[in-house]
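Peer 1: For reference, this is work.tsv, and it has TSV, N, CA and C atoms.
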chain	number	residue	atom	x	y	z
A	1	MET	N	9.95	-15.72	4.28
A	1	MET	CA	9.45	-14.55	5.00
A	1	MET	C	9.00	-13.50	4.00
A	2	SER	N	7.88	-12.91	4.26
A	2	SER	CA	7.39	-11.87	3.36
A	2	SER	C	7.80	-10.49	3.88
A	3	LYS	N	8.12	-9.64	2.93
A	3	LYS	CA	8.48	-8.28	3.27
A	3	LYS	C	7.22	-7.42	3.24
A	4	GLU	N	7.16	-6.45	4.12
A	4	GLU	CA	6.02	-5.54	4.12
A	4	GLU	C	6.13	-4.61	2.93
A	5	GLN	N	5.00	-4.31	2.33
A	5	GLN	CA	4.94	-3.42	1.18
A	5	GLN	C	3.89	-2.34	1.44
A	6	PRO	N	4.27	-1.32	2.20
A	6	PRO	CA	3.28	-0.32	2.60
A	6	PRO	C	2.70	0.48	1.43
A	7	ASN	N	3.41	0.58	0.30
A	7	ASN	CA	2.92	1.36	-0.83
A	7	ASN	C	2.19	0.52	-1.86
A	8	ASN	N	1.99	-0.76	-1.60
A	8	ASN	CA	1.29	-1.64	-2.52
A	8	ASN	C	-0.08	-1.98	-1.96
A	9	PRO	N	-1.14	-1.36	-2.50
A	9	PRO	CA	-2.48	-1.62	-1.94
A	9	PRO	C	-2.99	-3.04	-2.20
A	10	LEU	N	-2.36	-3.77	-3.10
A	10	LEU	CA	-2.79	-5.13	-3.40
A	10	LEU	C	-2.03	-6.18	-2.61
A	11	HIS	N	-1.06	-5.75	-1.82
A	11	HIS	CA	-0.26	-6.70	-1.05
A	11	HIS	C	-1.14	-7.49	-0.09
A	12	GLY	N	-1.03	-8.81	-0.17
A	12	GLY	CA	-1.77	-9.68	0.73
A	12	GLY	C	-3.18	-10.02	0.27
A	13	ILE	N	-3.61	-9.48	-0.87
A	13	ILE	CA	-4.94	-9.78	-1.39
A	13	ILE	C	-4.82	-10.80	-2.50
A	14	LYS	N	-5.56	-11.89	-2.38
A	14	LYS	CA	-5.49	-12.96	-3.38
A	14	LYS	C	-6.27	-12.58	-4.62
A	15	LEU	N	-5.78	-13.06	-5.77
A	15	LEU	CA	-6.46	-12.80	-7.03
A	15	LEU	C	-7.89	-13.34	-6.99
A	16	ALA	N	-8.08	-14.48	-6.37
A	16	ALA	CA	-9.43	-15.05	-6.27
A	16	ALA	C	-10.36	-14.12	-5.50
A	17	ASP	N	-9.86	-13.48	-4.46
A	17	ASP	CA	-10.68	-12.54	-3.68
A	17	ASP	C	-11.02	-11.29	-4.50
A	18	ILE	N	-10.06	-10.83	-5.29
A	18	ILE	CA	-10.29	-9.67	-6.16
A	18	ILE	C	-11.38	-9.99	-7.18
A	19	LEU	N	-11.24	-11.14	-7.83
A	19	LEU	CA	-12.21	-11.51	-8.86
A	19	LEU	C	-13.59	-11.74	-8.25
A	20	GLU	N	-13.65	-12.37	-7.11
A	20	GLU	CA	-14.94	-12.60	-6.44
A	20	GLU	C	-15.61	-11.27	-6.09
A	21	TYR	N	-14.83	-10.32	-5.61
A	21	TYR	CA	-15.36	-9.00	-5.28
A	21	TYR	C	-15.95	-8.34	-6.53
A	22	LEU	N	-15.20	-8.38	-7.63
A	22	LEU	CA	-15.65	-7.74	-8.87
A	22	LEU	C	-16.89	-8.41	-9.43
A	23	VAL	N	-16.95	-9.72	-9.37
A	23	VAL	CA	-18.13	-10.44	-9.87
A	23	VAL	C	-19.34	-10.11	-9.00
A	24	ASP	N	-19.15	-10.05	-7.69
A	24	ASP	CA	-20.25	-9.69	-6.79
A	24	ASP	C	-20.73	-8.26	-7.04
A	25	LYS	N	-19.79	-7.37	-7.29
A	25	LYS	CA	-20.13	-5.95	-7.48
A	25	LYS	C	-20.77	-5.69	-8.84
A	26	TYR	N	-20.20	-6.26	-9.91
A	26	TYR	CA	-20.65	-5.94	-11.26
A	26	TYR	C	-21.42	-7.05	-11.96
A	27	GLY	N	-21.14	-8.29	-11.62
A	27	GLY	CA	-21.70	-9.42	-12.36
A	27	GLY	C	-20.83	-9.69	-13.58
A	28	TRP	N	-20.97	-10.89	-14.15
A	28	TRP	CA	-20.12	-11.27	-15.28
A	28	TRP	C	-20.38	-10.39	-16.50
A	29	ASP	N	-21.66	-10.04	-16.76
A	29	ASP	CA	-21.98	-9.26	-17.96
A	29	ASP	C	-21.30	-7.90	-17.96
A	30	VAL	N	-21.43	-7.18	-16.87
A	30	VAL	CA	-20.82	-5.85	-16.78
A	30	VAL	C	-19.30	-5.97	-16.73
A	31	LEU	N	-18.81	-6.95	-16.01
A	31	LEU	CA	-17.36	-7.15	-15.94
A	31	LEU	C	-16.79	-7.42	-17.33
A	32	GLY	N	-17.53	-8.18	-18.13
A	32	GLY	CA	-17.10	-8.46	-19.50
A	32	GLY	C	-17.10	-7.24	-20.40
A	33	THR	N	-17.94	-6.25	-20.10
A	33	THR	CA	-17.91	-5.02	-20.90
A	33	THR	C	-16.81	-4.08	-20.42
A	34	LYS	N	-16.55	-4.10	-19.12
A	34	LYS	CA	-15.48	-3.24	-18.58
A	34	LYS	C	-14.10	-3.76	-18.98
A	35	ILE	N	-13.94	-5.08	-18.96
A	35	ILE	CA	-12.68	-5.71	-19.35
A	35	ILE	C	-13.05	-6.77	-20.38
A	36	ASP	N	-12.82	-6.44	-21.64
A	36	ASP	CA	-13.27	-7.31	-22.74
A	36	ASP	C	-12.29	-8.45	-22.97
A	37	ILE	N	-12.44	-9.50	-22.17
A	37	ILE	CA	-11.65	-10.71	-22.38
A	37	ILE	C	-12.60	-11.89	-22.44
A	38	ARG	N	-12.24	-12.85	-23.22
A	38	ARG	CA	-13.10	-13.99	-23.54
A	38	ARG	C	-13.60	-14.74	-22.30
A	39	CYS	N	-12.74	-14.92	-21.32
A	39	CYS	CA	-13.14	-15.71	-20.14
A	39	CYS	C	-14.21	-15.01	-19.31
A	40	PHE	N	-14.45	-13.71	-19.54
A	40	PHE	CA	-15.52	-13.00	-18.85
A	40	PHE	C	-16.81	-12.97	-19.68
A	41	ASN	N	-16.67	-13.16	-20.99
A	41	ASN	CA	-17.81	-13.00	-21.89
A	41	ASN	C	-18.43	-14.30	-22.39
A	42	ILE	N	-17.66	-15.36	-22.47
A	42	ILE	CA	-18.15	-16.62	-23.01
A	42	ILE	C	-18.06	-17.69	-21.93
A	43	ASP	N	-19.22	-18.13	-21.43
A	43	ASP	CA	-19.31	-19.16	-20.41
A	43	ASP	C	-18.36	-18.89	-19.24
A	44	PRO	N	-18.51	-17.74	-18.57
A	44	PRO	CA	-17.57	-17.37	-17.50
A	44	PRO	C	-17.69	-18.26	-16.26
A	45	SER	N	-16.55	-18.50	-15.64
A	45	SER	CA	-16.50	-19.18	-14.35
A	45	SER	C	-15.29	-18.67	-13.60
A	46	MET	N	-15.34	-18.82	-12.30
A	46	MET	CA	-14.20	-18.40	-11.47
A	46	MET	C	-12.96	-19.19	-11.86
A	47	LYS	N	-13.12	-20.51	-12.01
A	47	LYS	CA	-11.97	-21.37	-12.27
A	47	LYS	C	-11.28	-21.01	-13.58
A	48	SER	N	-12.04	-20.88	-14.66
A	48	SER	CA	-11.42	-20.58	-15.95
A	48	SER	C	-10.82	-19.17	-15.97
A	49	SER	N	-11.50	-18.24	-15.32
A	49	SER	CA	-11.00	-16.86	-15.30
A	49	SER	C	-9.71	-16.76	-14.49
A	50	LEU	N	-9.66	-17.42	-13.35
A	50	LEU	CA	-8.44	-17.40	-12.54
A	50	LEU	C	-7.28	-18.04	-13.28
A	51	LYS	N	-7.55	-19.14	-13.96
A	51	LYS	CA	-6.49	-19.82	-14.73
A	51	LYS	C	-5.93	-18.89	-15.80
A	52	PHE	N	-6.81	-18.20	-16.52
A	52	PHE	CA	-6.38	-17.27	-17.56
A	52	PHE	C	-5.62	-16.09	-16.96
A	53	LEU	N	-6.16	-15.50	-15.90
A	53	LEU	CA	-5.53	-14.31	-15.31
A	53	LEU	C	-4.16	-14.61	-14.72
A	54	ARG	N	-3.98	-15.81	-14.20
A	54	ARG	CA	-2.67	-16.17	-13.63
A	54	ARG	C	-1.61	-16.33	-14.71
A	55	LYS	N	-2.04	-16.66	-15.93
A	55	LYS	CA	-1.08	-16.86	-17.03
A	55	LYS	C	-0.92	-15.62	-17.91
A	56	THR	N	-1.76	-14.59	-17.71
A	56	THR	CA	-1.79	-13.45	-18.62
A	56	THR	C	-1.63	-12.15	-17.85
A	57	PRO	N	-0.39	-11.67	-17.74
A	57	PRO	CA	-0.13	-10.47	-16.92
A	57	PRO	C	-0.93	-9.23	-17.31
A	58	TRP	N	-1.11	-8.96	-18.61
A	58	TRP	CA	-1.82	-7.75	-19.02
A	58	TRP	C	-3.29	-7.80	-18.57
A	59	ALA	N	-3.90	-8.98	-18.61
A	59	ALA	CA	-5.29	-9.10	-18.19
A	59	ALA	C	-5.40	-8.97	-16.67
A	60	ARG	N	-4.45	-9.57	-15.97
A	60	ARG	CA	-4.44	-9.45	-14.51
A	60	ARG	C	-4.28	-7.99	-14.09
A	61	ASP	N	-3.42	-7.26	-14.79
A	61	ASP	CA	-3.23	-5.84	-14.49
A	61	ASP	C	-4.55	-5.07	-14.63
A	62	LYS	N	-5.31	-5.37	-15.69
A	62	LYS	CA	-6.59	-4.69	-15.90
A	62	LYS	C	-7.57	-5.01	-14.78
A	63	VAL	N	-7.60	-6.26	-14.36
A	63	VAL	CA	-8.50	-6.66	-13.27
A	63	VAL	C	-8.09	-5.96	-11.97
A	64	GLU	N	-6.81	-5.93	-11.69
A	64	GLU	CA	-6.33	-5.27	-10.47
A	64	GLU	C	-6.63	-3.77	-10.50
A	65	GLN	N	-6.48	-3.14	-11.65
A	65	GLN	CA	-6.77	-1.71	-11.75
A	65	GLN	C	-8.25	-1.43	-11.55
A	66	LEU	N	-9.10	-2.27	-12.13
A	66	LEU	CA	-10.54	-2.10	-11.93
A	66	LEU	C	-10.90	-2.28	-10.46
A	67	TYR	N	-10.28	-3.24	-9.82
A	67	TYR	CA	-10.51	-3.47	-8.39
A	67	TYR	C	-10.16	-2.23	-7.57
A	68	LEU	N	-8.98	-1.67	-7.84
A	68	LEU	CA	-8.56	-0.49	-7.10
A	68	LEU	C	-9.48	0.69	-7.37
A	69	GLN	N	-9.91	0.87	-8.62
A	69	GLN	CA	-10.83	1.95	-8.96
A	69	GLN	C	-12.18	1.77	-8.27
A	70	SER	N	-12.64	0.54	-8.20
A	70	SER	CA	-13.95	0.31	-7.57
A	70	SER	C	-13.89	0.52	-6.06
A	71	LEU	N	-12.72	0.29	-5.46
A	71	LEU	CA	-12.57	0.57	-4.03
A	71	LEU	C	-12.57	2.07	-3.76
A	72	GLU	N	-11.95	2.84	-4.67
A	72	GLU	CA	-11.90	4.29	-4.52
A	72	GLU	C	-13.29	4.90	-4.60
A	73	LYS	N	-14.09	4.37	-5.52
A	73	LYS	CA	-15.44	4.91	-5.73
A	73	LYS	C	-16.42	4.47	-4.66
A	74	GLY	N	-16.09	3.33	-4.03
A	74	GLY	CA	-16.94	2.85	-2.95
A	74	GLY	C	-18.05	2.03	-3.37
Show me, as structure tokens, the structure contained in the file I just sent.

Peer 2:
Amino acid sequence: MSKEQPNNPLHGIKLADILEYLVDKYGWDVLGTKIDIRCFNIDPSMKSSLKFLRKTPWARDKVEQLYLQSLEKG
């Protein structure tokens, strides 16, 4: 059973959905400049990026923060 998390804006949102939103909004080139990680800059793909982000908490945090910022700005 999942607990409700009213103060967590990312609750219930999949990492794949976050990454897809950011790629659609910015494209791989801009995303790679905003978050300078290899999987965004060299031969980027959803599969390789998701694999890396799931294993690397600091990178996932950066992606989640960019997602939240982009939602605020609209």

Peer 1: Using only N, CA and C atoms and a cutoff of 7 Å, can you tell me which residues are near (-20.2, -14.9, -10.9) in the file's coordinates, and write them out as a list in words?

Peer 2: Val23, Asp24, Gly27, Trp28, Pro44, Ser45 and Met46 of chain A

Peer 1: Between atom N of Gly32 (chain A) and CA of Asn8 (chain A), what is the distance, to one decimal in Å?

Peer 2: 25.3 Å

Peer 1: So the first atom is atom C of Lys34 (chain A) and the second is CA of Leu66 (chain A); what is the distance between them in Å, to one decimal place?

Peer 2: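 According to the coordinates, atom C of Lys34 (chain A) and CA of Leu66 (chain A) are separated by 8.1 Å.
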
Peer 1: Write out as a PyMOL selection string all residues of chain A that DSSP puts in helix (DSSP H, G or I) for this structure's backbone.

Peer 2: chain A and resi 15-34+38-41+46-55+57-73

Peer 1: List the neighbours of Leu15 (chain A) out to 7 Å using all atoms listed in the file; skip same-chain residues closer than 4 positions along the sequence, and give me the result as a ChimeraX atom specification.

Peer 2: /A:19-20,50

Peer 1: For the atom pair CA of Gln69 (chain A) and atom N of Asp43 (chain A), what is the interatomic distance in Å to one decimal place?

Peer 2: 25.1 Å

Peer 1: Looking at only C-alpha atoms, which of A:Val63, A:Ile37, A:Leu31, A:Ile42 is the one that sits closest to Ala16 (chain A)?

Peer 2: A:Val63

Peer 1: Excluding Glu64 (chain A) and residues on its chain fewer than 6 positions from it, collect all residues at most 10 Å away from it, counting only C-alpha atoms, and give them as a ChimeraX atom specification.

Peer 2: /A:10,15,18-19,22,58,70

Peer 1: From the set A:Leu53, A:Val30, A:Ile35, A:Leu68, which residue has the shortest atom-to-atom contact distance to Pro9 (chain A), counting all atoms listed in the file?

Peer 2: A:Leu68
